[in-house]
$ cat structure.cif   # mmCIF, C-alpha atoms and all ligand atoms
data_data
loop_
_atom_site.label_atom_id
_atom_site.label_comp_id
_atom_site.auth_asym_id
_atom_site.auth_seq_id
_atom_site.Cartn_x
_atom_site.Cartn_y
_atom_site.Cartn_z
CA MET A 181 19.80 14.74 21.27
CA THR A 182 21.58 11.40 20.87
CA ASN A 183 19.79 8.21 19.88
CA THR A 184 20.28 6.95 23.45
CA ASP A 185 18.55 10.06 24.81
CA ILE A 186 15.67 9.58 22.36
CA LEU A 187 15.30 5.94 23.32
CA SER A 188 15.36 6.80 27.01
CA TYR A 189 12.73 9.54 26.50
CA LEU A 190 10.40 7.21 24.60
CA LYS A 191 10.87 4.42 27.13
CA ASN A 192 10.21 6.58 30.17
CA TYR A 193 7.56 8.85 28.68
CA ASN A 194 4.87 9.44 31.27
CA GLY A 195 2.76 12.20 29.71
CA PRO A 196 -0.75 11.95 28.24
CA ASP A 197 -1.44 8.86 26.10
CA VAL A 198 -0.24 9.19 22.50
CA ARG A 199 -1.70 7.10 19.66
CA LEU A 200 0.43 7.15 16.53
CA MET A 201 -0.29 5.47 13.23
CA GLU A 202 2.29 4.24 10.77
CA ILE A 203 0.32 4.56 7.58
CA CYS A 204 2.55 2.40 5.45
CA GLY A 205 2.95 -1.37 5.45
CA SER A 206 6.73 -1.12 5.02
CA HIS A 207 6.87 0.85 8.27
CA THR A 208 4.65 -1.76 9.94
CA ALA A 209 7.06 -4.49 8.84
CA ALA A 210 10.09 -2.51 10.05
CA ILE A 211 8.47 -1.58 13.38
CA VAL A 212 7.34 -5.10 14.22
CA ARG A 213 10.61 -6.68 13.07
CA SER A 214 12.78 -4.28 15.06
CA GLY A 215 10.74 -4.63 18.25
CA ILE A 216 10.32 -0.83 18.48
CA ARG A 217 6.90 -1.20 20.05
CA THR A 218 8.41 -3.12 22.95
CA VAL A 219 10.81 -0.32 23.85
CA LEU A 220 8.13 2.39 23.93
CA SER A 221 6.40 3.49 27.12
CA ASP A 222 2.92 1.98 27.58
CA LYS A 223 1.60 5.47 26.99
CA ILE A 224 2.80 5.51 23.37
CA LYS A 225 0.85 3.21 21.07
CA MET A 226 1.89 2.46 17.49
CA ILE A 227 -1.05 1.43 15.32
CA SER A 228 -0.88 0.00 11.79
CA GLY A 229 -2.69 1.89 9.04
CA PRO A 230 -4.08 1.34 5.54
CA GLY A 231 -0.80 1.63 3.62
CA CYS A 232 -0.46 -1.98 2.51
CA PRO A 233 -1.70 -1.99 -1.11
CA VAL A 234 -2.55 -5.67 -1.13
CA CYS A 235 -4.48 -5.42 2.17
CA VAL A 236 -6.74 -2.60 0.96
CA THR A 237 -7.52 -4.27 -2.38
CA VAL A 238 -11.18 -5.25 -2.53
CA THR A 239 -12.37 -8.76 -3.39
CA SER A 240 -14.07 -7.65 -6.61
CA TYR A 241 -10.60 -6.81 -7.98
CA ILE A 242 -9.36 -10.36 -7.31
CA ASP A 243 -12.61 -11.73 -8.74
CA ARG A 244 -12.09 -9.69 -11.90
CA LEU A 245 -8.54 -11.06 -12.31
CA ILE A 246 -9.84 -14.60 -11.91
CA GLU A 247 -12.57 -13.92 -14.46
CA LEU A 248 -9.95 -12.58 -16.90
CA SER A 249 -7.79 -15.68 -16.32
CA GLU A 250 -10.68 -17.86 -17.47
CA ASN A 251 -10.35 -16.47 -20.97
CA PRO A 252 -7.69 -18.56 -22.80
CA GLU A 253 -6.64 -15.47 -24.75
CA ASN A 254 -5.35 -13.85 -21.54
CA VAL A 255 -2.17 -14.28 -19.52
CA ILE A 256 -2.36 -12.73 -16.04
CA CYS A 257 0.86 -11.40 -14.55
CA SER A 258 1.24 -10.37 -10.95
CA PHE A 259 3.62 -9.81 -8.06
CA GLY A 260 3.75 -12.85 -5.79
CA ASP A 261 1.91 -11.33 -2.81
CA LEU A 262 -1.34 -10.98 -4.68
CA LEU A 263 -1.58 -14.62 -5.75
CA ARG A 264 -2.86 -15.87 -2.39
CA VAL A 265 -5.21 -13.02 -1.56
CA PRO A 266 -8.72 -14.41 -1.19
CA GLY A 267 -11.42 -13.15 -3.54
CA SER A 268 -15.02 -14.25 -3.21
CA ARG A 269 -14.34 -17.27 -5.50
CA GLY A 270 -10.91 -18.27 -4.19
CA CYS A 271 -7.50 -16.82 -5.00
CA LEU A 272 -5.33 -16.53 -8.12
CA GLU A 273 -3.17 -19.46 -7.03
CA GLU A 274 -6.28 -21.65 -7.11
CA ALA A 275 -7.31 -20.22 -10.47
CA LYS A 276 -3.84 -21.13 -11.78
CA ALA A 277 -4.19 -24.67 -10.44
CA GLY A 278 -7.54 -24.76 -12.28
CA GLY A 279 -5.83 -24.04 -15.61
CA GLY A 280 -5.54 -20.24 -15.79
CA ASP A 281 -2.32 -18.88 -17.25
CA ILE A 282 -1.20 -16.82 -14.26
CA ARG A 283 2.45 -15.88 -13.86
CA MET A 284 4.36 -14.38 -11.00
CA LEU A 285 6.75 -11.66 -12.14
CA TYR A 286 9.24 -9.53 -10.23
CA SER A 287 8.63 -6.44 -12.35
CA PRO A 288 5.90 -5.24 -14.75
CA ILE A 289 8.65 -4.50 -17.28
CA GLU A 290 9.29 -8.27 -17.60
CA MET A 291 5.82 -8.55 -19.08
CA LEU A 292 6.75 -6.38 -22.02
CA LYS A 293 9.16 -8.94 -23.49
CA LEU A 294 6.69 -11.77 -22.89
CA ALA A 295 3.97 -9.85 -24.69
CA LYS A 296 6.26 -8.80 -27.54
CA ASP A 297 7.32 -12.40 -28.19
CA ASP A 298 3.75 -13.70 -28.14
CA GLY A 299 1.30 -12.11 -30.53
CA LEU A 300 -1.47 -14.57 -29.66
CA HIS A 301 -2.31 -13.53 -26.11
CA ASN A 302 -3.16 -10.42 -24.12
CA TYR A 303 -0.81 -9.92 -21.17
CA ILE A 304 -2.60 -8.34 -18.22
CA PHE A 305 -0.66 -7.01 -15.24
CA ALA A 306 -2.34 -6.81 -11.84
CA ALA A 307 -1.25 -3.25 -11.21
CA VAL A 308 -1.58 -2.83 -7.46
CA GLY A 309 0.33 -0.24 -5.44
CA PHE A 310 0.71 3.32 -4.26
CA GLU A 311 2.56 6.29 -5.73
CA THR A 312 5.84 4.44 -5.16
CA THR A 313 4.97 1.66 -7.61
CA ALA A 314 2.77 3.61 -10.02
CA PRO A 315 5.71 5.18 -11.94
CA VAL A 316 6.82 1.65 -12.89
CA TYR A 317 3.48 1.13 -14.63
CA ALA A 318 3.90 4.49 -16.36
CA SER A 319 7.32 3.25 -17.61
CA LEU A 320 5.72 0.04 -18.83
CA MET A 321 3.16 2.05 -20.78
CA GLU A 322 5.81 4.30 -22.25
CA SER A 323 7.95 1.33 -23.38
CA ALA A 324 4.93 -0.53 -24.77
CA ILE A 325 3.92 2.47 -26.89
CA GLU A 326 7.49 3.14 -28.04
CA ASN A 327 7.95 -0.50 -29.06
CA GLY A 328 4.52 -0.90 -30.64
CA VAL A 329 3.49 -3.62 -28.18
CA ASN A 330 -0.29 -3.50 -28.19
CA ASN A 331 -1.17 -6.74 -26.40
CA ILE A 332 -0.50 -5.53 -22.86
CA ARG A 333 -3.22 -4.45 -20.43
CA LEU A 334 -3.32 -3.15 -16.89
CA LEU A 335 -5.97 -4.02 -14.36
CA THR A 336 -5.31 -1.17 -11.98
CA SER A 337 -5.93 -0.99 -8.28
CA LEU A 338 -3.55 1.91 -7.80
CA LYS A 339 -4.18 4.00 -4.73
CA THR A 340 -2.91 7.38 -3.61
CA MET A 341 -2.04 8.36 -0.06
CA PRO A 342 -3.28 11.92 0.48
CA GLU A 343 -6.99 11.10 0.27
CA VAL A 344 -6.75 8.28 2.77
CA VAL A 345 -4.61 10.38 5.11
CA LYS A 346 -7.28 13.06 4.82
CA ARG A 347 -9.95 10.48 5.71
CA ILE A 348 -8.19 9.09 8.78
CA GLY A 349 -6.31 12.24 9.82
CA GLY A 350 -7.44 13.40 13.26
CA LYS A 351 -8.29 9.94 14.57
CA MET A 352 -4.76 9.54 15.97
CA ASP A 353 -2.35 11.94 17.65
CA GLY A 354 0.18 11.74 14.85
CA TYR A 355 1.08 9.95 11.64
CA LEU A 356 4.25 8.45 10.27
CA LEU A 357 4.20 9.25 6.56
CA PRO A 358 5.71 6.69 4.16
CA GLY A 359 9.15 7.84 3.11
CA HIS A 360 9.15 6.06 -0.25
CA VAL A 361 5.76 7.49 -1.26
CA CYS A 362 6.92 10.96 -0.20
CA THR A 363 10.02 10.48 -2.37
CA VAL A 364 7.69 10.55 -5.37
CA THR A 365 4.98 12.96 -4.17
CA GLY A 366 6.94 15.24 -1.84
CA TYR A 367 5.52 16.16 1.56
CA ALA A 368 4.01 19.59 0.81
CA LEU A 369 0.63 18.09 -0.10
CA TYR A 370 0.27 16.80 3.48
CA GLU A 371 0.68 20.26 5.02
CA PRO A 372 -2.96 21.38 4.56
CA ILE A 373 -4.16 17.93 5.70
CA ALA A 374 -2.09 18.08 8.90
CA ALA A 375 -3.15 21.67 9.54
CA LYS A 376 -6.85 20.84 9.13
CA ALA A 377 -6.63 17.71 11.31
CA GLY A 378 -4.50 19.54 13.90
CA VAL A 379 -2.05 16.64 14.19
CA PRO A 380 1.62 16.25 13.28
CA MET A 381 2.81 14.13 10.35
CA VAL A 382 6.41 13.08 9.85
CA ALA A 383 7.96 11.60 6.70
CA ALA A 384 10.41 8.93 7.78
CA GLY A 385 12.77 6.30 6.41
CA PHE A 386 12.72 2.65 7.34
CA GLU A 387 15.74 2.06 9.53
CA ASP A 388 15.14 1.66 13.27
CA ARG A 389 16.98 4.91 13.97
CA ASN A 390 14.83 6.86 11.43
CA ILE A 391 11.64 5.49 12.88
CA LEU A 392 12.58 6.20 16.50
CA GLN A 393 13.53 9.78 15.64
CA ALA A 394 10.22 10.26 13.82
CA VAL A 395 8.23 8.78 16.71
CA PHE A 396 10.07 11.08 19.12
CA ALA A 397 9.21 14.07 16.91
CA LEU A 398 5.54 13.04 16.73
CA VAL A 399 5.30 12.77 20.52
CA LYS A 400 6.94 16.16 20.95
CA LEU A 401 4.74 17.77 18.28
CA LYS A 402 1.46 16.37 19.63
CA GLY A 403 -1.40 18.82 19.08
CA ARG A 404 0.35 20.73 16.30
CA GLY A 405 -0.87 20.43 12.70
CA VAL A 406 2.53 20.44 11.05
CA VAL A 407 4.57 18.25 8.70
CA ARG A 408 8.24 17.46 9.22
CA ASN A 409 10.66 15.69 6.89
CA PHE A 410 12.89 13.20 8.68
CA TYR A 411 14.06 11.55 5.46
CA PRO A 412 15.78 14.45 3.71
CA SER A 413 18.28 12.20 1.89
CA VAL A 414 15.50 11.23 -0.56
CA VAL A 415 12.36 13.21 0.30
CA THR A 416 11.91 16.79 -0.84
CA ARG A 417 9.06 19.20 -0.38
CA ASP A 418 7.78 18.85 -3.97
CA GLY A 419 8.81 15.30 -4.82
CA ASN A 420 10.23 13.77 -7.97
CA THR A 421 9.10 15.98 -10.85
CA LYS A 422 10.03 13.48 -13.55
CA ALA A 423 8.10 10.63 -11.92
CA LEU A 424 5.10 12.91 -11.30
CA GLU A 425 5.08 14.05 -14.94
CA SER A 426 5.25 10.48 -16.15
CA LEU A 427 2.36 9.52 -13.87
CA ASP A 428 0.35 12.48 -15.04
CA ARG A 429 0.90 11.58 -18.69
CA PHE A 430 -0.72 8.16 -18.35
CA PHE A 431 -2.95 8.27 -15.27
CA GLU A 432 -5.75 10.37 -13.85
CA ALA A 433 -7.33 10.38 -10.42
CA GLY A 434 -10.68 8.69 -9.86
CA SER A 435 -12.83 7.19 -7.15
CA ALA A 436 -11.44 3.97 -5.67
CA ALA A 437 -12.75 1.44 -3.16
CA TRP A 438 -10.59 0.59 -0.14
CA ARG A 439 -11.15 -2.33 2.18
CA GLY A 440 -12.48 -1.03 5.47
CA LEU A 441 -12.84 2.51 4.21
CA GLY A 442 -15.24 2.26 1.27
CA SER A 443 -15.01 4.41 -1.84
CA MET A 444 -13.05 7.63 -1.75
CA GLU A 445 -13.10 10.25 -4.49
CA ASP A 446 -9.76 10.83 -6.21
CA SER A 447 -7.99 8.15 -4.18
CA GLY A 448 -7.25 5.89 -7.16
CA LEU A 449 -5.27 6.15 -10.39
CA TYR A 450 -6.70 5.03 -13.73
CA LEU A 451 -5.36 5.09 -17.26
CA ARG A 452 -6.43 8.23 -19.06
CA ASN A 453 -9.06 7.96 -21.80
CA GLU A 454 -6.47 8.13 -24.58
CA TYR A 455 -4.88 4.94 -23.20
CA GLU A 456 -8.15 3.16 -22.45
CA ARG A 457 -7.27 0.43 -24.97
CA PHE A 458 -4.64 -0.75 -22.46
CA ASP A 459 -7.12 -1.02 -19.59
CA ALA A 460 -8.57 -4.41 -18.62
CA GLY A 461 -11.73 -3.04 -16.95
CA SER A 462 -10.37 -1.36 -13.83
CA ARG A 463 -13.12 1.09 -12.96
CA ASP A 464 -16.14 0.37 -10.76
CA LEU A 465 -14.59 -2.56 -8.89
CA THR A 466 -16.11 -1.66 -5.54
CA GLU A 467 -17.62 -4.78 -4.03
CA ASP A 468 -15.73 -6.24 -1.09
CA ARG A 469 -16.69 -9.49 0.60
CA GLU A 470 -14.27 -10.39 3.35
CA ASN A 471 -14.04 -13.96 4.57
CA SER A 472 -16.40 -14.61 7.43
CA GLY A 473 -14.69 -13.83 10.74
CA CYS A 474 -11.81 -11.88 9.16
CA HIS A 475 -11.24 -8.50 10.82
CA CYS A 476 -8.92 -7.05 8.16
CA SER A 477 -11.10 -4.00 7.65
CA LYS A 478 -10.80 -3.13 11.36
CA VAL A 479 -7.07 -3.87 11.42
CA ILE A 480 -6.47 -1.66 8.39
CA THR A 481 -8.28 1.29 9.95
CA GLY A 482 -6.52 0.93 13.31
CA GLU A 483 -9.73 0.03 15.17
CA GLU A 484 -8.26 -3.32 16.19
CA ARG A 485 -4.90 -5.00 16.39
CA SER A 486 -4.29 -8.23 14.49
CA THR A 487 -4.20 -10.12 17.78
CA ASP A 488 -7.78 -8.98 18.50
CA CYS A 489 -9.01 -11.06 15.57
CA PRO A 490 -10.33 -14.41 16.85
CA LEU A 491 -8.82 -16.20 13.82
CA PHE A 492 -5.30 -14.83 14.34
CA GLY A 493 -2.75 -17.63 14.66
CA LYS A 494 -5.49 -20.26 14.81
CA ALA A 495 -7.61 -20.57 11.69
CA CYS A 496 -5.55 -17.84 10.00
CA THR A 497 -1.78 -18.18 9.54
CA PRO A 498 0.63 -17.25 6.72
CA SER A 499 0.38 -20.81 5.38
CA ASP A 500 -3.41 -20.73 5.47
CA PRO A 501 -4.41 -17.05 5.31
CA LYS A 502 -8.04 -16.03 5.65
CA GLY A 503 -7.46 -12.38 4.79
CA ALA A 504 -5.11 -10.18 2.80
CA CYS A 505 -3.46 -8.79 5.96
CA MET A 506 -2.03 -12.27 6.62
CA VAL A 507 -0.89 -12.75 3.01
CA SER A 508 1.05 -9.58 2.32
CA ARG A 509 4.58 -9.14 3.63
CA GLU A 510 3.50 -5.62 4.49
CA GLY A 511 0.33 -6.81 6.19
CA ALA A 512 -0.16 -6.15 9.89
CA CYS A 513 -1.30 -9.73 10.63
CA PHE A 514 1.56 -11.35 8.71
CA ASN A 515 4.15 -9.22 10.50
CA GLU A 516 2.53 -9.74 13.88
CA PHE A 517 2.50 -13.50 13.27
CA ILE A 518 6.08 -13.98 12.08
CA ASN A 519 7.53 -11.78 14.82
CA ARG A 520 5.56 -13.05 17.81
FE1 LIG B 601 -8.08 -11.36 8.67
FE2 LIG B 601 -6.42 -13.31 9.42
FE3 LIG B 601 -5.85 -10.84 10.07
FE4 LIG B 601 -7.89 -12.08 11.22
S1 LIG B 601 -5.73 -12.61 11.43
S2 LIG B 601 -7.84 -9.99 10.43
S3 LIG B 601 -8.61 -13.37 9.55
S4 LIG B 601 -5.98 -11.67 7.98
#
$ encode --input "structure.cif" --output "structure tokens"
Amino acid sequence: MTNTDILSYLKNYNGPDVRLMEICGSHTAAIVRSGIRTVLSDKIKMISGPGCPVCVTVTSYIDRLIELSENPENVICSFGDLLRVPGSRGCLEEAKAGGGDIRMLYSPIEMLKLAKDDGLHNYIFAAVGFETTAPVYASLMESAIENGVNNIRLLTSLKTMPEVVKRIGGKMDGYLLPGHVCTVTGYALYEPIAAKAGVPMVAAGFEDRNILQAVFALVKLKGRGVVRNFYPSVVTRDGNTKALESLDRFFEAGSAAWRGLGSMEDSGLYLRNEYERFDAGSRDLTEDRENSGCHCSKVITGEERSTDCPLFGKACTPSDPKGACMVSREGACFNEFINR
């Protein structure tokens, strides 16, 4: 089938309603930016899922970073997106304005040199992400140990996809699996989840063409608990063995709290006991207090669209966000706002 045929099929589809979820925030950004939703038949709904790491990070994690920044012995390092995410006592940007040493970095590896050159402070990275980003933190650990740099720490809020897919699997008619996560993990681990939920799951890339082909496949496979790989240039059945081994060396699975979904066993990654000295207190950060009126937890779980939130585009905008979904570039609210 040509791309034109696929587009025509999806546009003119007149079968039973199909609700599909793109689990990953990068897919949400690509789908909203490309206008794919607008070319689909009204009977095919694309719904954003919980795959934006910043959006699912609970407020107690931000609170803990702020608390750490209040100690003059600590330097907090983070990707830019996290700096404006509201905790229950404000955000990291405000803590920085209040005197905390908080730095935006483009890569955790940058922190290594900073820490090596400064023996007086502890450098703590806000390690947020999924399996795609987690290997970078494993590399950081490996380099730190090799180079004898002992003043680095990680405050981890690392999440893994399979447990959350297991939790939400079956609520929709099909799921778009994140191609970059599957590059690391492979897609085989989703096969029992799809079979149990009785819904199709398709690993897809991020170009418009990849997404449309995957959506077409999901519509066609409706009702079948199977997994298909539509990103074979980088995704294999068993994933990237080297990255998985590196992750396994430093991290172990544990219970993690997700905004809107609560705590899920084995859905987080934590430094193993032998590397505990590098941990900044990551476990047991479960409390989550959303801003009053913010519907992020419903947006993340697909119960509502961003535009259903009464604050959307009024009290909550990218320049004055009230929730993480409006801060993150992968957030459903941010993408809905900038592409409206
Ligand atoms: Fe939260 Fe703002 Fe999204 Fe509403 S529009 S759900 S307040 S982030």
$ residues_near_ligand --input "structure.cif" --ligand "ligand LIG 601 (chain B)" --cutoff "6 Å" --atoms "all atoms listed in the file" --output "VMD selection string"
chain A and resid 474 to 476 486 489 491 to 492 496 501 to 506 513
$ closest_residue --input "structure.cif" --among "A:Met226, A:Cys362, A:Ile304, A:Val399" --to "Asn194 (chain A)" --atoms "all atoms listed in the file"
A:Val399
$ closest_residue --input "structure.cif" --among "A:Cys204, A:Leu187, A:Leu427, A:Leu356" --to "Val236 (chain A)" --atoms "only C-alpha atoms"
A:Cys204
$ closest_residue --input "structure.cif" --among "A:Leu245, A:Ile480, A:Leu357, A:Met352" --to "Ile391 (chain A)" --atoms "all atoms listed in the file"
A:Leu357
$ atom_distance --input "structure.cif" --atom1 "CA of Asp281 (chain A)" --atom2 "CA of Leu248 (chain A)"
9.9 Å
$ residues_around --input "structure.cif" --residues "Ile373 (chain A)" --least-positions-apart "4" --cutoff "10 Å" --atoms "all atoms listed in the file" --output "compact mmCIF listing (two decimals) with C-alpha atoms, in the frame of the given file"
# COMPACT_ATOMS: atom_id res chain seq x y z
CA PRO A 342 -3.28 11.92 0.48
CA GLU A 343 -6.99 11.10 0.27
CA VAL A 345 -4.61 10.38 5.11
CA LYS A 346 -7.28 13.06 4.82
CA ARG A 347 -9.95 10.48 5.71
CA GLY A 349 -6.31 12.24 9.82
CA GLY A 350 -7.44 13.40 13.26
CA ALA A 368 4.01 19.59 0.81
CA LEU A 369 0.63 18.09 -0.10
CA ALA A 377 -6.63 17.71 11.31
CA GLY A 378 -4.50 19.54 13.90
CA VAL A 379 -2.05 16.64 14.19
CA PRO A 380 1.62 16.25 13.28
CA MET A 381 2.81 14.13 10.35
CA GLY A 405 -0.87 20.43 12.70
CA VAL A 406 2.53 20.44 11.05
CA VAL A 407 4.57 18.25 8.70
$ closest_residue --input "structure.cif" --among "A:Ile256, A:Val395, A:Ile216, A:Ala318" --to "Val198 (chain A)" --atoms "all atoms listed in the file"
A:Val395
$ closest_residue --input "structure.cif" --among "A:Tyr455, A:Tyr450, A:Tyr367, A:Trp438" --to "Ala307 (chain A)" --atoms "only C-alpha atoms"
A:Tyr450
$ residues_near_point --input "structure.cif" --point "(2.9, -8.8, -5.1)" --cutoff "9 Å" --atoms "only C-alpha atoms" --output "MDAnalysis selection string"
chainID A and resid 234 258:263 284:286 306 308:309 508:509
$ residues_around --input "structure.cif" --residues "Ala437 (chain A)" --least-positions-apart "4" --cutoff "9 Å" --atoms "only C-alpha atoms" --output "PyMOL selection string"
chain A and resi 236-238+337+441-445+447-448+464-468
$ residues_near_point --input "structure.cif" --point "(0.6, -2.0, 6.1)" --cutoff "10 Å" --atoms "only C-alpha atoms" --output "MDAnalysis selection string"
chainID A and resid 202:209 227:236 479:480 505 508:515
$ closest_residue --input "structure.cif" --among "A:Thr487, A:Ser435, A:Asn302, A:Thr365" --to "Val255 (chain A)" --atoms "all atoms listed in the file"
A:Asn302
$ atom_distance --input "structure.cif" --atom1 "CA of Ala436 (chain A)" --atom2 "CA of Lys339 (chain A)"
7.3 Å
$ residues_around --input "structure.cif" --residues "Asn331 (chain A)" --least-positions-apart "5" --cutoff "7 Å" --atoms "all atoms listed in the file" --output "PDB file with C-alpha atoms, in the frame of the given file"
ATOM      1  CA  ALA A 295       3.970  -9.850 -24.690  1.00  0.00           C
ATOM      2  CA  HIS A 301      -2.310 -13.530 -26.110  1.00  0.00           C
ATOM      3  CA  ASN A 302      -3.160 -10.420 -24.120  1.00  0.00           C
ATOM      4  CA  TYR A 303      -0.810  -9.920 -21.170  1.00  0.00           C
TER       5      TYR A 303
END
$ decode --input "structure.cif" --residues "region 444-463 of chain A" --atoms "N, CA and C atoms" --output "JSON list (two decimals), in the first residue's frame"
[["chain", "number", "residue", "atom", "x", "y", "z"],
["A", 444, "MET", "N", 3.85, 2.00, 41.27],
["A", 444, "MET", "CA", 3.82, 0.72, 40.55],
["A", 444, "MET", "C", 5.10, -0.04, 40.84],
["A", 445, "GLU", "N", 4.93, -1.28, 41.25],
["A", 445, "GLU", "CA", 6.08, -2.15, 41.52],
["A", 445, "GLU", "C", 6.97, -2.26, 40.28],
["A", 446, "ASP", "N", 8.25, -2.24, 40.48],
["A", 446, "ASP", "CA", 9.22, -2.50, 39.40],
["A", 446, "ASP", "C", 9.11, -1.54, 38.22],
["A", 447, "SER", "N", 8.55, -0.37, 38.43],
["A", 447, "SER", "CA", 8.42, 0.57, 37.30],
["A", 447, "SER", "C", 9.47, 1.68, 37.38],
["A", 448, "GLY", "N", 10.39, 1.58, 38.35],
["A", 448, "GLY", "CA", 11.44, 2.58, 38.47],
["A", 448, "GLY", "C", 12.82, 1.92, 38.47],
["A", 449, "LEU", "N", 13.84, 2.73, 38.24],
["A", 449, "LEU", "CA", 15.22, 2.23, 38.31],
["A", 449, "LEU", "C", 15.97, 2.98, 39.39],
["A", 450, "TYR", "N", 16.67, 2.23, 40.23],
["A", 450, "TYR", "CA", 17.44, 2.82, 41.34],
["A", 450, "TYR", "C", 18.85, 2.26, 41.33],
["A", 451, "LEU", "N", 19.79, 3.06, 41.81],
["A", 451, "LEU", "CA", 21.16, 2.56, 41.90],
["A", 451, "LEU", "C", 21.20, 1.33, 42.81],
["A", 452, "ARG", "N", 21.96, 0.36, 42.41],
["A", 452, "ARG", "CA", 22.10, -0.85, 43.21],
["A", 452, "ARG", "C", 22.79, -0.52, 44.55],
["A", 453, "ASN", "N", 22.61, -1.42, 45.51],
["A", 453, "ASN", "CA", 23.17, -1.19, 46.85],
["A", 453, "ASN", "C", 24.66, -0.87, 46.84],
["A", 454, "GLU", "N", 25.41, -1.55, 45.97],
["A", 454, "GLU", "CA", 26.87, -1.32, 45.96],
["A", 454, "GLU", "C", 27.24, 0.07, 45.47],
["A", 455, "TYR", "N", 26.28, 0.78, 44.87],
["A", 455, "TYR", "CA", 26.56, 2.16, 44.41],
["A", 455, "TYR", "C", 25.74, 3.18, 45.21],
["A", 456, "GLU", "N", 25.22, 2.75, 46.32],
["A", 456, "GLU", "CA", 24.33, 3.60, 47.13],
["A", 456, "GLU", "C", 25.00, 4.93, 47.50],
["A", 457, "ARG", "N", 26.34, 4.91, 47.63],
["A", 457, "ARG", "CA", 27.04, 6.14, 48.02],
["A", 457, "ARG", "C", 26.85, 7.25, 46.98],
["A", 458, "PHE", "N", 26.42, 6.87, 45.77],
["A", 458, "PHE", "CA", 26.21, 7.87, 44.73],
["A", 458, "PHE", "C", 24.74, 8.33, 44.66],
["A", 459, "ASP", "N", 23.92, 7.80, 45.55],
["A", 459, "ASP", "CA", 22.49, 8.14, 45.50],
["A", 459, "ASP", "C", 22.19, 9.31, 46.44],
["A", 460, "ALA", "N", 21.34, 10.22, 45.98],
["A", 460, "ALA", "CA", 21.03, 11.42, 46.79],
["A", 460, "ALA", "C", 19.72, 11.29, 47.55],
["A", 461, "GLY", "N", 19.22, 10.05, 47.72],
["A", 461, "GLY", "CA", 17.97, 9.86, 48.48],
["A", 461, "GLY", "C", 16.77, 9.69, 47.57],
["A", 462, "SER", "N", 16.90, 8.79, 46.59],
["A", 462, "SER", "CA", 15.89, 8.68, 45.53],
["A", 462, "SER", "C", 14.67, 7.84, 45.89],
["A", 463, "ARG", "N", 14.82, 6.94, 46.84],
["A", 463, "ARG", "CA", 13.69, 6.03, 47.09],
["A", 463, "ARG", "C", 12.64, 6.70, 47.97]]
